[in-house]
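Colleague: If you scroll down you'll find the structure; I have some questions about it.
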Amino acid sequence: MSRLDKLVETVQTYQELATENYDRIRGLAEQIRGGLCDYIGMGEMTCVFLVPPTGPFEPRAYGDTAFSMPPRGFRQIAPVSFGLAVRLSRANDWLRVTMECRKSGESFIVKIEDGAEYEFKLPLSFETQLPFYDHIYSHILNWFTDQIERYKNGEYGGRGIGFDFADDTSEQAV
């Protein structure tokens with residue numbers, strides 16, 4: 001086997017694993033999106049979207065661009081980030097919670113920006129994910145509760161736990 005053949009074979013294996021990593025993380029992100037929406041329970045109203053992990057965002061489905069890595073082309077074996085836009089009201093108020101997901105053995109570790117890490121073993125089910133949904137919900141609720149207390153005590157400000165609020169969404173209908 002020539003050096004080039006060896007390099008090509010090794011890179012092909014690397015890309016197969018990068019594809020497996022991306023596909024698994026994307027599937028997990030989709031399950032988290034749907035499960036969290038069911039957990040929040042806004043009925044027929046859409047309450048969670050996958051959005052880009054950084055930059056401006058609107059409350060809508062972004063498809064491939066919701067992830068820090070493209071679905072095709074040369075990809076690295078690396079953690080993948082994504083954002084969850086979570087509805088805050090019955091109107092059109094949203095915030096983004098950013099997450100990073102990486103493989104560790106046969107598990108996936110999801111880290112909420114400025115929050116805890118969670119380990120998911122495959123296969124996933126809604127019941128096994130409930131503690132994670134509890135944590136995301138509590139993470140958001142506690143931020144608002146803390147801000148209310150800070151305001152009441154005269155010490156308010158800052159977005160210190162990794163939230164981004166959607167830009168002008170007053171004309172968006174979801």
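In the structure tokens, chains take letters A, B, ... by order of appearance, with residues numbered from 1 within each chain and ligands from 1 in the order shown.
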At a cut-off of 10 Å, using only C-alpha atoms, what residues contact A:Met42? Leave out same-chain residues fewer than 6 positions from it and give the result as a list in words.
Modeller: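 Answer for this query is Arg87, Ser89 and Arg90 of chain A.
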Colleague: Just list as a PyMOL selection string whatever in stretch 22-117 of chain A DSSP marks as strand (DSSP E or B).
Modeller: chain A and resi 48-51+67+80-87+94-104+107-112+117
Colleague: Can you spit out the residues from that selection as an mmCIF file, in the first residue's frame, using N, CA and C atoms?
Modeller:
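Below is the file that was written, part-v2.cif:
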data_model
loop_
_atom_site.group_PDB
_atom_site.id
_atom_site.type_symbol
_atom_site.label_atom_id
_atom_site.label_comp_id
_atom_site.auth_asym_id
_atom_site.auth_seq_id
_atom_site.Cartn_x
_atom_site.Cartn_y
_atom_site.Cartn_z
ATOM 1 N N VAL A 48 -40.338 25.321 20.866
ATOM 2 C CA VAL A 48 -38.885 25.153 20.805
ATOM 3 C C VAL A 48 -38.476 24.960 19.351
ATOM 4 N N PHE A 49 -37.433 25.693 18.944
ATOM 5 C CA PHE A 49 -36.833 25.540 17.621
ATOM 6 C C PHE A 49 -35.344 25.284 17.778
ATOM 7 N N LEU A 50 -34.760 24.569 16.825
ATOM 8 C CA LEU A 50 -33.303 24.486 16.734
ATOM 9 C C LEU A 50 -32.835 25.699 15.959
ATOM 10 N N VAL A 51 -31.914 26.461 16.561
ATOM 11 C CA VAL A 51 -31.404 27.696 15.959
ATOM 12 C C VAL A 51 -29.878 27.690 16.034
ATOM 13 N N PHE A 67 -26.614 24.138 13.401
ATOM 14 C CA PHE A 67 -25.501 23.409 13.998
ATOM 15 C C PHE A 67 -24.178 24.073 13.658
ATOM 16 N N VAL A 80 -20.233 19.295 18.641
ATOM 17 C CA VAL A 80 -21.129 20.078 17.791
ATOM 18 C C VAL A 80 -22.028 20.899 18.710
ATOM 19 N N SER A 81 -22.155 22.187 18.387
ATOM 20 C CA SER A 81 -23.013 23.087 19.168
ATOM 21 C C SER A 81 -24.294 23.377 18.399
ATOM 22 N N PHE A 82 -25.343 23.684 19.153
ATOM 23 C CA PHE A 82 -26.613 24.098 18.572
ATOM 24 C C PHE A 82 -27.341 24.943 19.609
ATOM 25 N N GLY A 83 -28.306 25.696 19.153
ATOM 26 C CA GLY A 83 -29.106 26.503 20.052
ATOM 27 C C GLY A 83 -30.536 26.002 20.086
ATOM 28 N N LEU A 84 -31.176 26.204 21.210
ATOM 29 C CA LEU A 84 -32.606 25.945 21.345
ATOM 30 C C LEU A 84 -33.286 27.285 21.595
ATOM 31 N N ALA A 85 -34.155 27.699 20.676
ATOM 32 C CA ALA A 85 -34.977 28.879 20.922
ATOM 33 C C ALA A 85 -36.194 28.393 21.688
ATOM 34 N N VAL A 86 -36.407 28.946 22.874
ATOM 35 C CA VAL A 86 -37.484 28.503 23.759
ATOM 36 C C VAL A 86 -38.480 29.644 23.922
ATOM 37 N N ARG A 87 -39.744 29.338 23.675
ATOM 38 C CA ARG A 87 -40.812 30.343 23.817
ATOM 39 C C ARG A 87 -40.965 30.695 25.294
ATOM 40 N N TRP A 94 -38.926 34.966 22.898
ATOM 41 C CA TRP A 94 -38.065 33.789 22.819
ATOM 42 C C TRP A 94 -36.695 34.079 23.399
ATOM 43 N N LEU A 95 -36.031 33.031 23.868
ATOM 44 C CA LEU A 95 -34.618 33.136 24.218
ATOM 45 C C LEU A 95 -33.898 31.915 23.673
ATOM 46 N N ARG A 96 -32.591 32.048 23.555
ATOM 47 C CA ARG A 96 -31.783 30.937 23.053
ATOM 48 C C ARG A 96 -30.947 30.381 24.187
ATOM 49 N N VAL A 97 -30.968 29.061 24.308
ATOM 50 C CA VAL A 97 -30.094 28.333 25.219
ATOM 51 C C VAL A 97 -29.128 27.569 24.315
ATOM 52 N N THR A 98 -27.828 27.801 24.500
ATOM 53 C CA THR A 98 -26.819 27.157 23.659
ATOM 54 C C THR A 98 -26.295 25.904 24.327
ATOM 55 N N MET A 99 -26.124 24.862 23.504
ATOM 56 C CA MET A 99 -25.638 23.584 24.007
ATOM 57 C C MET A 99 -24.499 23.074 23.138
ATOM 58 N N GLU A 100 -23.594 22.335 23.776
ATOM 59 C CA GLU A 100 -22.506 21.670 23.056
ATOM 60 C C GLU A 100 -22.607 20.182 23.361
ATOM 61 N N CYS A 101 -22.494 19.369 22.318
ATOM 62 C CA CYS A 101 -22.646 17.931 22.480
ATOM 63 C C CYS A 101 -21.398 17.227 21.966
ATOM 64 N N ARG A 102 -20.938 16.229 22.738
ATOM 65 C CA ARG A 102 -19.756 15.462 22.332
ATOM 66 C C ARG A 102 -19.929 14.008 22.740
ATOM 67 N N LYS A 103 -19.258 13.140 22.031
ATOM 68 C CA LYS A 103 -19.299 11.708 22.322
ATOM 69 C C LYS A 103 -18.262 11.387 23.378
ATOM 70 N N SER A 104 -18.647 10.495 24.283
ATOM 71 C CA SER A 104 -17.729 9.996 25.299
ATOM 72 C C SER A 104 -18.034 8.513 25.449
ATOM 73 N N SER A 107 -21.700 7.099 25.051
ATOM 74 C CA SER A 107 -22.629 8.099 25.563
ATOM 75 C C SER A 107 -22.376 9.430 24.868
ATOM 76 N N PHE A 108 -23.343 10.328 25.002
ATOM 77 C CA PHE A 108 -23.165 11.692 24.545
ATOM 78 C C PHE A 108 -23.307 12.611 25.730
ATOM 79 N N ILE A 109 -22.408 13.568 25.816
ATOM 80 C CA ILE A 109 -22.418 14.558 26.883
ATOM 81 C C ILE A 109 -22.949 15.861 26.288
ATOM 82 N N VAL A 110 -23.996 16.401 26.901
ATOM 83 C CA VAL A 110 -24.559 17.676 26.471
ATOM 84 C C VAL A 110 -24.289 18.681 27.575
ATOM 85 N N LYS A 111 -23.638 19.784 27.206
ATOM 86 C CA LYS A 111 -23.338 20.844 28.162
ATOM 87 C C LYS A 111 -24.156 22.073 27.804
ATOM 88 N N ILE A 112 -24.947 22.522 28.743
ATOM 89 C CA ILE A 112 -25.674 23.766 28.569
ATOM 90 C C ILE A 112 -24.697 24.892 28.850
ATOM 91 N N GLU A 117 -23.504 19.610 32.813
ATOM 92 C CA GLU A 117 -23.359 18.625 31.751
ATOM 93 C C GLU A 117 -24.273 17.441 32.065
#
Colleague: Excluding stretch 131-133 of chain A and its own-chain neighbours fewer than 2 positions away, which residues fall within 8 Å of it when counting only C-alpha atoms? Please give them as a PyMOL selection string.
Modeller: chain A and resi 35-36+39+118+128-129+135-137
Colleague: Could you pull out the helix (DSSP H, G or I) residues of stretch 63-160 of chain A, going by DSSP on the backbone, and write them as number ranges by chain?
Modeller: A: 63-66, 126-153
Colleague: From the options A:Glu106, A:Pro79, A:Ile148, A:Ser2, which residue's atoms come nearest to A:Ile25, counting only C-alpha atoms?
Modeller: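 So, comparing all the options, the nearest one is A:Pro79.
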Colleague: Taking only C-alpha atoms into account, which of A:Leu17, A:Glu155, A:Pro52, A:Phe57 comes nearest A:Arg75?
Modeller: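 Of A:Leu17, A:Glu155, A:Pro52, A:Phe57, the one nearest A:Arg75, counting only C-alpha atoms, is A:Leu17.
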Colleague: So, counting only C-alpha atoms, which residue among A:Glu58, A:Glu44, A:Pro71, A:Asp38 is closest to A:Glu20?
Modeller: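 Of A:Glu58, A:Glu44, A:Pro71, A:Asp38, the one nearest A:Glu20 is A:Pro71, counting only C-alpha atoms.
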